[in-house]
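Below is one structure, written out as structure tokens, with a few remarks after it.
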Amino acid sequence: MFLVVPPGALIVGFLLFDAALRLAVEPSPRSYGRLRGYELPPVRLIPAPAPPVTDPAAPWSNLVVDGVPITHGDLFGSKREHPRIGYVWKEGWTSANGWWRTNELGARRDRPTPREAPAGKRRIAFFGDSFAAATRVAQDQAWSTRLETLRPDLEVVNFGTDGYSSAQSFLRYQEVAGRIEMDVACFIFVPWHDPWRDVNVMRSLGEQWTSYTTMPRFVLEGDGLRFVPPLYERAATIYERHYPEPGTDLLAHLRAYDRFFVEATHVPPPGLGRLVTWKLLAAHRAEEARRRIRMEIGGDLDGEAFEITRRIFAAATKEGSARGHRVVVGVLPVQRDLTNLERSEIARERWRGILERFRIAGVETLDLSPALLAAPASDRDDGYDGTHYGPRANLRIAEALAAGLPR
């Protein structure tokens, strides 16, 4: 004998269950509320009425080195807005303890950088993300500082910037190349961290950073690239126009240019989107989608993200040739890459594939993995906040660049 439950009873039971879930939702300023660790839709794209303000002089997480309290600015530097690139380092800036110092061009360097290189030296300018910036260590421990000591024939000018995509690195290169002469432009490319940013414009969507303004990117167009500038030149504009509810122009921009944008997370459908059950399921699926997209980007060497990266570096190579200098891409593994390269032939084949695809695109590369793989485990240390590379690893990177860069 089977018990038949009327459809109406099922619906009533489900609604009672949903109402019980609603009682368990915790208030959240960023969303409808929090449940089981998830921010429930609608999640605000812009979570506050004004940009977050970080005091570079504020202590960083009670970190003390050699008896000195380390500040946020010591580890992360200080940025200013840029209408085309998104942001650059503040020029002529020094952190509280001198761990971070920039010159008049915003390079992480103590000395000025005039238009012409000093007599008897070859100038090499570096571009890239936080690994290129040698962030999370003191300036004297940074690989760029140590490289200049190891190679006295070089003047090293480091324009690496935290959070940059390959697109932003290229834009920064174009700006700098119009202001100073250089013999070599070297882009530091980190395969695990950089490609996803080339298919993302709002960093909070890609890796949940507290960065809600839109960044520039390039999109594939024919055999070339098309530039997509930031949606607004001023960061404050996005807060003024899209808090607390996103406007149509921001939503259209994210739909078109951000692979990580899941619309239902921020604009739930009418009716169904009112149910807490649906909200919880949508939040879970959005997180899984972001994780899946991130892994797909990292694994697909022939996908959109890596293809954009290759075309960017090919364009930089062509532009460098026209300007009379050489362009080199240093391919740098992170800690997880080193572990995988030691253990897996699949990982080693993937790494060779990255280098080979750059070669086919006409991009000169310098593989930095052998030097780090050859280093003892004690020399693969982390930076002072537990991320990036530490002082000993920075020295190994400097040694690899000193040996591999053209003389």
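All residue names refer to the structure tokens as shown: chains lettered A, B, ... in order, residues numbered from 1 in each chain, ligands numbered from 1 in order.
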- Task: Find the spatial neighbours of region 347-356 of chain A, counting only C-alpha atoms, within a cut-off of 12 Å - ignore same-chain residues fewer than 5 positions away - and output them as a VMD selection string.
- Result: chain A and resid 189 to 192 195 298 to 303 306 to 307 309 to 310 329 to 333 336 to 342 361 to 370 373
Write the residues of the selection above to a file with N, CA, C and O atoms, as a short mmCIF file (atom, residue, chain, number, x, y, z; two decimals), in the first residue's frame.
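Below you can see selection29.cif, which holds the result:
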```cif
data_model
loop_
_atom_site.label_atom_id
_atom_site.label_comp_id
_atom_site.auth_asym_id
_atom_site.auth_seq_id
_atom_site.Cartn_x
_atom_site.Cartn_y
_atom_site.Cartn_z
N PHE A 189 55.84 36.57 -16.16
CA PHE A 189 54.54 35.92 -16.36
C PHE A 189 54.40 34.75 -15.40
O PHE A 189 55.27 33.88 -15.36
N VAL A 190 53.32 34.74 -14.63
CA VAL A 190 53.04 33.67 -13.67
C VAL A 190 51.82 32.90 -14.16
O VAL A 190 50.68 33.38 -14.04
N PRO A 191 52.02 31.71 -14.76
CA PRO A 191 50.90 31.02 -15.41
C PRO A 191 49.72 30.71 -14.52
O PRO A 191 48.58 30.65 -15.00
N TRP A 192 49.94 30.50 -13.22
CA TRP A 192 48.80 30.17 -12.37
C TRP A 192 47.98 31.42 -12.02
O TRP A 192 46.76 31.36 -11.92
N PRO A 195 46.64 34.49 -16.15
CA PRO A 195 45.67 34.39 -17.26
C PRO A 195 44.23 34.68 -16.88
O PRO A 195 43.49 35.26 -17.68
N GLY A 298 43.22 27.77 -16.10
CA GLY A 298 44.58 27.34 -15.81
C GLY A 298 45.01 26.13 -16.60
O GLY A 298 46.21 25.94 -16.85
N GLY A 299 44.04 25.29 -17.00
CA GLY A 299 44.40 24.05 -17.68
C GLY A 299 44.34 24.09 -19.19
O GLY A 299 44.97 23.27 -19.86
N ASP A 300 43.59 25.04 -19.74
CA ASP A 300 43.39 25.08 -21.20
C ASP A 300 44.39 26.03 -21.84
O ASP A 300 44.14 27.24 -21.94
N LEU A 301 45.50 25.48 -22.30
CA LEU A 301 46.54 26.32 -22.89
C LEU A 301 46.15 26.90 -24.23
O LEU A 301 46.82 27.81 -24.74
N ASP A 302 45.10 26.36 -24.84
CA ASP A 302 44.63 26.89 -26.12
C ASP A 302 43.33 27.67 -25.98
O ASP A 302 42.68 28.00 -26.97
N GLY A 303 42.95 27.94 -24.72
CA GLY A 303 41.71 28.66 -24.47
C GLY A 303 41.87 30.16 -24.63
O GLY A 303 42.95 30.69 -24.93
N PHE A 306 44.74 32.15 -22.26
CA PHE A 306 46.13 32.00 -22.68
C PHE A 306 46.37 32.58 -24.07
O PHE A 306 47.45 33.10 -24.35
N GLU A 307 45.36 32.50 -24.93
CA GLU A 307 45.53 33.08 -26.27
C GLU A 307 45.65 34.60 -26.19
O GLU A 307 46.46 35.20 -26.89
N THR A 309 46.85 36.23 -23.65
CA THR A 309 48.18 36.46 -23.09
C THR A 309 49.25 36.36 -24.17
O THR A 309 50.15 37.21 -24.25
N ARG A 310 49.18 35.32 -24.99
CA ARG A 310 50.17 35.15 -26.06
C ARG A 310 50.16 36.32 -27.02
O ARG A 310 51.20 36.83 -27.43
N VAL A 329 60.09 37.36 -21.98
CA VAL A 329 59.08 36.98 -20.98
C VAL A 329 59.69 35.94 -20.05
O VAL A 329 60.05 34.85 -20.48
N GLY A 330 59.84 36.31 -18.78
CA GLY A 330 60.30 35.37 -17.77
C GLY A 330 59.12 34.61 -17.22
O GLY A 330 58.19 35.21 -16.68
N VAL A 331 59.12 33.27 -17.37
CA VAL A 331 57.99 32.45 -16.93
C VAL A 331 58.32 31.91 -15.54
O VAL A 331 59.24 31.10 -15.37
N LEU A 332 57.56 32.36 -14.56
CA LEU A 332 57.87 32.10 -13.15
C LEU A 332 56.84 31.17 -12.52
O LEU A 332 55.65 31.48 -12.51
N PRO A 333 57.28 30.06 -11.95
CA PRO A 333 56.34 29.18 -11.22
C PRO A 333 56.09 29.70 -9.82
O PRO A 333 56.94 30.35 -9.22
N ARG A 336 52.98 26.10 -5.72
CA ARG A 336 52.20 24.93 -6.13
C ARG A 336 52.70 24.37 -7.46
O ARG A 336 52.66 23.16 -7.68
N ASP A 337 53.18 25.26 -8.35
CA ASP A 337 53.75 24.80 -9.61
C ASP A 337 54.99 23.95 -9.35
O ASP A 337 55.19 22.91 -9.99
N LEU A 338 55.85 24.40 -8.43
CA LEU A 338 57.08 23.67 -8.15
C LEU A 338 56.76 22.28 -7.62
O LEU A 338 57.39 21.29 -8.03
N THR A 339 55.79 22.19 -6.73
CA THR A 339 55.39 20.88 -6.20
C THR A 339 54.89 19.98 -7.32
O THR A 339 55.26 18.80 -7.41
N ASN A 340 54.04 20.53 -8.19
CA ASN A 340 53.49 19.74 -9.29
C ASN A 340 54.57 19.33 -10.29
O ASN A 340 54.57 18.21 -10.80
N LEU A 341 55.49 20.24 -10.58
CA LEU A 341 56.56 19.93 -11.53
C LEU A 341 57.47 18.83 -11.00
O LEU A 341 58.00 18.02 -11.78
N GLU A 342 57.66 18.77 -9.71
CA GLU A 342 58.49 17.72 -9.13
C GLU A 342 57.80 16.37 -9.15
O GLU A 342 58.46 15.33 -9.29
N ALA A 361 54.49 31.78 -31.10
CA ALA A 361 53.98 33.15 -31.28
C ALA A 361 55.08 34.16 -31.49
O ALA A 361 54.81 35.36 -31.65
N GLY A 362 56.36 33.71 -31.49
CA GLY A 362 57.47 34.61 -31.72
C GLY A 362 57.92 35.36 -30.49
O GLY A 362 58.56 36.42 -30.59
N VAL A 363 57.59 34.82 -29.30
CA VAL A 363 57.91 35.48 -28.04
C VAL A 363 59.13 34.81 -27.42
O VAL A 363 59.16 33.59 -27.23
N GLU A 364 60.15 35.59 -27.10
CA GLU A 364 61.34 35.06 -26.45
C GLU A 364 61.06 34.84 -24.96
O GLU A 364 60.52 35.73 -24.29
N THR A 365 61.40 33.67 -24.45
CA THR A 365 61.10 33.36 -23.05
C THR A 365 62.36 33.00 -22.28
O THR A 365 63.38 32.60 -22.84
N LEU A 366 62.24 33.14 -20.97
CA LEU A 366 63.27 32.71 -20.04
C LEU A 366 62.57 31.89 -18.97
O LEU A 366 61.76 32.42 -18.19
N ASP A 367 62.82 30.58 -18.95
CA ASP A 367 62.17 29.67 -18.01
C ASP A 367 62.88 29.76 -16.66
O ASP A 367 64.06 29.40 -16.54
N LEU A 368 62.17 30.22 -15.64
CA LEU A 368 62.76 30.38 -14.32
C LEU A 368 62.54 29.17 -13.41
O LEU A 368 63.00 29.16 -12.27
N SER A 369 61.83 28.16 -13.92
CA SER A 369 61.54 27.00 -13.07
C SER A 369 62.77 26.15 -12.73
O SER A 369 62.89 25.68 -11.59
N PRO A 370 63.72 25.91 -13.67
CA PRO A 370 64.86 25.05 -13.31
C PRO A 370 65.64 25.56 -12.10
O PRO A 370 66.05 24.76 -11.24
N LEU A 373 63.57 24.85 -8.97
CA LEU A 373 63.50 23.41 -8.71
C LEU A 373 64.82 22.88 -8.17
O LEU A 373 64.84 21.94 -7.37
#
```
- Message: Please identify the strand (DSSP E) residues within region 30-233 of chain A (assignment by DSSP from backbone atoms) and present them as a PyMOL selection string.
- Response: chain A and resi 33-35+38-40+59-65+68-71+79-82+86-89+122-128+154-158+184-189+217-221+224-228
Might you pull out every residue within 9 Å of Leu35 (chain A), with only C-alpha atoms counted and same-chain residues fewer than 2 positions away left off, and present them as a short mmCIF file (atom, residue, chain, number, x, y, z; two decimals) with C-alpha atoms, in the first residue's frame?
```
data_model
loop_
_atom_site.label_atom_id
_atom_site.label_comp_id
_atom_site.auth_asym_id
_atom_site.auth_seq_id
_atom_site.Cartn_x
_atom_site.Cartn_y
_atom_site.Cartn_z
CA LEU A 21 15.59 28.22 6.64
CA ARG A 22 14.79 31.91 6.53
CA ALA A 24 18.51 30.67 10.19
CA VAL A 25 19.76 33.40 7.85
CA GLU A 26 22.24 35.77 9.48
CA GLY A 33 22.06 37.39 4.34
CA GLY A 37 28.97 30.34 5.03
CA TYR A 38 27.35 31.54 1.79
CA GLU A 39 26.37 35.09 0.91
CA LEU A 40 22.82 34.66 -0.39
CA LEU A 280 21.32 28.82 -1.06
#
```
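Nearest to Trp93 (chain A) of all the residues A:Pro56, A:Gly320, A:Pro268, A:Gly120 is A:Pro56, counting only C-alpha atoms.
Taking only C-alpha atoms, the non-local environment of Lys79 (chain A) within 10 Å (same-chain residues fewer than 6 positions away omitted) comprises Pro56, Gly73, Gly86, Tyr87, Val88, Trp89, Lys90, Glu91, Trp93, Gly106, Thr161 and Asp162 of chain A.
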- Close residues, region 218-231 of chain A itself excluded, 12 Å, only C-alpha atoms, min 4 positions apart in chain, as a PyMOL selection string: chain A and resi 81-87+165-171+195+197-202+212-214+235-238+241+249-254+256-259+303-315+361
- May I have the residues within 7 Å of His325 (chain A) as a count of residues only, using only C-alpha atoms and disregarding those fewer than 2 positions away in the same chain? 7
- Top pick for closest residue to Arg108 (chain A), considering A:Phe126, A:Phe17, A:Trp278, A:Tyr32 and counting only C-alpha atoms: A:Phe126
- Message: From the options A:Ala377, A:Leu150, A:Leu23, A:Ala57, which residue's atoms come nearest to Ala393 (chain A), counting only C-alpha atoms?
- Response: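 Once distances to Ala393 (chain A) are computed over only C-alpha atoms, the minimum belongs to A:Ala377.
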- Query: Between CA of Ala48 (chain A) and CA of Ala283 (chain A), what is the spacing in Å?
  - Reply: 20.4 Å
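Note that DSSP on the backbone gives helix (DSSP H, G or I) to these residues of region 75-152 of chain A: Leu75, Phe76, Ser130, Phe131, Ala132, Ala133, Gln139, Asp140, Gln141, Trp143, Ser144, Thr145, Arg146, Leu147, Glu148, Thr149 and Leu150 of chain A.
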- Query: Leaving out Arg392 (chain A) and any residue of its chain fewer than 6 positions from it, which residues lie within 8 Å of it when counting only C-alpha atoms, given as a list in words?
  - Reply: Asp379, Arg380 and Asp381 of chain A
Generate the output file for the selected residues, C-alpha atoms, as a CSV table (one decimal), in the first residue's frame.
```
chain,number,residue,atom,x,y,z
A,379,ASP,CA,65.3,28.4,-0.2
A,380,ARG,CA,61.7,28.3,-1.4
A,381,ASP,CA,60.5,30.4,1.5
```
- Quick one: of A:Ala132, A:Val157, A:Leu10, A:Ala400, who's nearest to Glu181 (chain A), counting only C-alpha atoms?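 Ranked by minimum distance to Glu181 (chain A), first place goes to A:Val157.
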